[in-house]
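Trainee: There's a structure below that I have some questions on.
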Amino acid sequence: GNSVTQMEGPVTLSEEAFLTINCTYTATGYPSLFWYVQYPGEGLQLLLKATKADDKGSNKGFEATYRKETTSFHLEKGSVQVSDSAVYFCALLTSGTYKYIFGTGTRLKVLA
Amino acid sequence: KAGVTQTPRYLIKTRGQQVTLSCSPISGHRSVSWYQQTPGQGLQFLFEYFSETQRNKGNFPGRFSGRQFSNSRSEMNVSTLELGDSALYLCASSLRGPRDTDTQYFGPGTRLTVL
């Protein structure tokens with residue numbers, strides 16, 4: 001079946017460090033891929049998305065590239081800020097089922 | 001434009017009771033999806049409603065049900081509550097729903113605690 005695997009957290013970084021959160025997926029067909037972010041006490045917000053292979057999604061300094069050959073969609077940011085502290089979710093959507101499948105989330109903590 | 005609102009924000013119930021959660025989507029959005037979020041399982045899809053019809057369903061028992069009204073507001077009902085139903089229940093709305101890869105906008109959630 002379809003699934004998303006994210007790296008376990010928590011991830012603790014110092015401000016201005018480089019961030020990578022790994023995400024790999026298993027899916028039939030050609031899914032769309034997403035990163036969502038959840039700040040404390042809030043619902044999820046779409047951070048970025050990519051709908052086909054080699055697409056790069058980007059927003060607020062975050063980037064992720066849809067790699068079909070490695071079935072991955074790793075999230076990166078060159079210089080994190082304390083305000084980036086949140087839980088990040090990788091997700092996929094397949095055209096067959098029209099259901100979003102989410103990873104279990106990775107908590108990021110950025111220290112000043 | 002007002003965001004997705006969910007009421008109540010917090011609920012405490014006992015085993016065997018039933019509960020109804022409410023979600024008001026962003027104005028103009030016709031698709032409402034519900035998710036259960038728990039520390040162990042992450043986010044799991046419950047169901048999606050579009051124009052008052054359930055269009056998609058996850059793998060949850062029949063104790064979980066929902067409906068959508070003509071103004072797109074949606075309710076979710078859980079009957080015969082179990083301890084394992086304790087979770088954050090999130091609602092998300094979009095213009096046309098997952099079939100068009102629309103952006104989902106999430107509400108803040110209802111935290112349900114079952115004692």
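All residue names refer to the structure tokens as shown: chains lettered A, B, ... in order, residues numbered from 1 in each chain, ligands numbered from 1 in order.
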Please provide as a compact mmCIF listing (two decimals) with N, CA, C and O atoms, in the first residue's frame all residues within 10 Å of Ser27 (chain B), with the sequence filter that same-chain residues fewer than 5 positions apart are discarded (counting only C-alpha atoms).
Mentor:
```
# COMPACT_ATOMS: atom_id res chain seq x y z
N LYS B 1 -10.25 36.98 5.07
CA LYS B 1 -11.09 35.77 4.98
C LYS B 1 -10.86 34.93 6.23
O LYS B 1 -9.71 34.65 6.60
N ALA B 2 -11.92 34.53 6.89
CA ALA B 2 -11.78 33.73 8.10
C ALA B 2 -11.26 32.36 7.73
O ALA B 2 -11.56 31.80 6.67
N GLY B 3 -10.46 31.78 8.65
CA GLY B 3 -9.92 30.45 8.42
C GLY B 3 -10.90 29.38 8.81
O GLY B 3 -12.07 29.64 9.09
N VAL B 4 -10.42 28.15 8.84
CA VAL B 4 -11.24 27.02 9.25
C VAL B 4 -11.41 27.07 10.76
O VAL B 4 -10.43 27.22 11.49
N ASN B 71 -24.46 24.43 3.76
CA ASN B 71 -23.53 25.57 3.83
C ASN B 71 -22.08 25.11 3.96
O ASN B 71 -21.20 25.92 4.25
N SER B 72 -21.85 23.83 3.73
CA SER B 72 -20.54 23.18 3.77
C SER B 72 -20.01 22.91 5.17
O SER B 72 -18.99 22.24 5.30
N ARG B 73 -20.66 23.42 6.18
CA ARG B 73 -20.25 23.06 7.54
C ARG B 73 -20.36 21.55 7.71
O ARG B 73 -21.23 20.90 7.12
N SER B 93 -10.31 22.12 4.97
CA SER B 93 -11.21 22.45 3.86
C SER B 93 -10.40 22.85 2.64
O SER B 93 -9.25 23.29 2.73
N SER B 94 -11.02 22.65 1.49
CA SER B 94 -10.41 23.08 0.22
C SER B 94 -11.53 23.37 -0.77
O SER B 94 -12.68 23.00 -0.56
N LEU B 95 -11.17 24.02 -1.85
CA LEU B 95 -12.19 24.42 -2.83
C LEU B 95 -12.88 23.21 -3.44
O LEU B 95 -14.10 23.09 -3.41
```
Trainee: When the cut-off is 8 Å and we count only C-alpha atoms, which residues of chain A are near chain B, given as a list in words?
Mentor: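 Every residue meeting the condition is included here: Ser32, Gly41, Glu42, Gly43, Leu44, Gln45, Leu46, Leu93, Ser95, Tyr98, Lys99, Tyr100, Ile101, Phe102, Gly103, Thr104 and Gly105 of chain A.
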Trainee: Just write the chosen residues, N, CA and C atoms, as a PDB file, in the first residue's frame.
Mentor:
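Once everything was written out, this is result08.pdb:
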```pdb
ATOM      1  N   SER A  32       1.411  13.127  -5.849  1.00  0.00           N
ATOM      2  CA  SER A  32       1.858  14.472  -5.519  1.00  0.00           C
ATOM      3  C   SER A  32       2.430  14.416  -4.110  1.00  0.00           C
ATOM      4  N   GLY A  41      -0.045  24.260  19.124  1.00  0.00           N
ATOM      5  CA  GLY A  41      -1.419  24.701  19.339  1.00  0.00           C
ATOM      6  C   GLY A  41      -2.189  25.041  18.082  1.00  0.00           C
ATOM      7  N   GLU A  42      -1.610  24.750  16.930  1.00  0.00           N
ATOM      8  CA  GLU A  42      -2.275  25.110  15.672  1.00  0.00           C
ATOM      9  C   GLU A  42      -2.484  23.881  14.794  1.00  0.00           C
ATOM     10  N   GLY A  43      -3.288  24.050  13.763  1.00  0.00           N
ATOM     11  CA  GLY A  43      -3.440  22.999  12.764  1.00  0.00           C
ATOM     12  C   GLY A  43      -2.271  23.014  11.797  1.00  0.00           C
ATOM     13  N   LEU A  44      -2.318  22.131  10.826  1.00  0.00           N
ATOM     14  CA  LEU A  44      -1.233  22.045   9.853  1.00  0.00           C
ATOM     15  C   LEU A  44      -1.376  23.146   8.804  1.00  0.00           C
ATOM     16  N   GLN A  45      -0.223  23.588   8.293  1.00  0.00           N
ATOM     17  CA  GLN A  45      -0.204  24.550   7.189  1.00  0.00           C
ATOM     18  C   GLN A  45       0.630  23.948   6.070  1.00  0.00           C
ATOM     19  N   LEU A  46       0.171  24.116   4.851  1.00  0.00           N
ATOM     20  CA  LEU A  46       0.962  23.661   3.713  1.00  0.00           C
ATOM     21  C   LEU A  46       2.234  24.502   3.612  1.00  0.00           C
ATOM     22  N   LEU A  93      -0.260  12.257  -2.010  1.00  0.00           N
ATOM     23  CA  LEU A  93      -1.635  12.154  -2.486  1.00  0.00           C
ATOM     24  C   LEU A  93      -1.583  11.417  -3.820  1.00  0.00           C
ATOM     25  N   SER A  95      -3.458   9.827  -7.210  1.00  0.00           N
ATOM     26  CA  SER A  95      -4.630  10.123  -8.034  1.00  0.00           C
ATOM     27  C   SER A  95      -5.637   8.986  -8.000  1.00  0.00           C
ATOM     28  N   TYR A  98      -7.146   9.356  -3.952  1.00  0.00           N
ATOM     29  CA  TYR A  98      -7.503  10.722  -3.527  1.00  0.00           C
ATOM     30  C   TYR A  98      -7.508  10.860  -2.017  1.00  0.00           C
ATOM     31  N   LYS A  99      -6.617  10.113  -1.358  1.00  0.00           N
ATOM     32  CA  LYS A  99      -6.478  10.226   0.084  1.00  0.00           C
ATOM     33  C   LYS A  99      -5.066  10.697   0.383  1.00  0.00           C
ATOM     34  N   TYR A 100      -4.960  11.619   1.320  1.00  0.00           N
ATOM     35  CA  TYR A 100      -3.647  12.042   1.765  1.00  0.00           C
ATOM     36  C   TYR A 100      -3.104  11.006   2.751  1.00  0.00           C
ATOM     37  N   ILE A 101      -1.837  10.640   2.558  1.00  0.00           N
ATOM     38  CA  ILE A 101      -1.128   9.772   3.499  1.00  0.00           C
ATOM     39  C   ILE A 101      -0.023  10.609   4.121  1.00  0.00           C
ATOM     40  N   PHE A 102      -0.024  10.689   5.438  1.00  0.00           N
ATOM     41  CA  PHE A 102       0.952  11.509   6.144  1.00  0.00           C
ATOM     42  C   PHE A 102       2.007  10.637   6.817  1.00  0.00           C
ATOM     43  N   GLY A 103       3.211  11.171   6.899  1.00  0.00           N
ATOM     44  CA  GLY A 103       4.226  10.582   7.744  1.00  0.00           C
ATOM     45  C   GLY A 103       3.901  10.902   9.193  1.00  0.00           C
ATOM     46  N   THR A 104       4.689  10.353  10.103  1.00  0.00           N
ATOM     47  CA  THR A 104       4.394  10.509  11.529  1.00  0.00           C
ATOM     48  C   THR A 104       4.874  11.839  12.093  1.00  0.00           C
ATOM     49  N   GLY A 105       5.564  12.623  11.290  1.00  0.00           N
ATOM     50  CA  GLY A 105       5.991  13.944  11.729  1.00  0.00           C
ATOM     51  C   GLY A 105       7.376  13.933  12.348  1.00  0.00           C
TER      52      GLY A 105
END
```
Trainee: List the neighbours of Thr24 (chain A) out to 8 Å using only C-alpha atoms; skip same-chain residues closer than 4 positions along the sequence, and give me the result as a VMD selection string.
Mentor: chain A and resid 4 to 6 70 to 74
Trainee: Find the distance between CA of Gly16 (chain B) and CA of Glu52 (chain B) and write it in Å to one decimal.
Mentor: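 Interatomic distance here is 28.0 Å.
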Trainee: When you draw a straight line from CA of Ile26 (chain B) to CA of Asp84 (chain A), how long is it in Å?
Mentor: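 Going from CA of Ile26 (chain B) over to CA of Asp84 (chain A) covers 25.7 Å.
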Trainee: Could you tell me which of A:Ala86, A:Leu47, A:Ala64, A:Val110 comes closest to Thr20 (chain A) if we count only C-alpha atoms?
Mentor: A:Ala64
Trainee: As a PyMOL selection string, please: every residue in chain B that DSSP puts in strand (DSSP E).
Mentor: chain B and resi 5-7+10-13+19-24+31-38+42-50+53-57+64-68+74-78+87-94+105-106+110-114
Trainee: Which of these, B:Ser70, B:Asp102, B:Leu115, B:Leu11, has the shortest distance to Lys49 (chain A) once you count only C-alpha atoms?
Mentor: B:Asp102
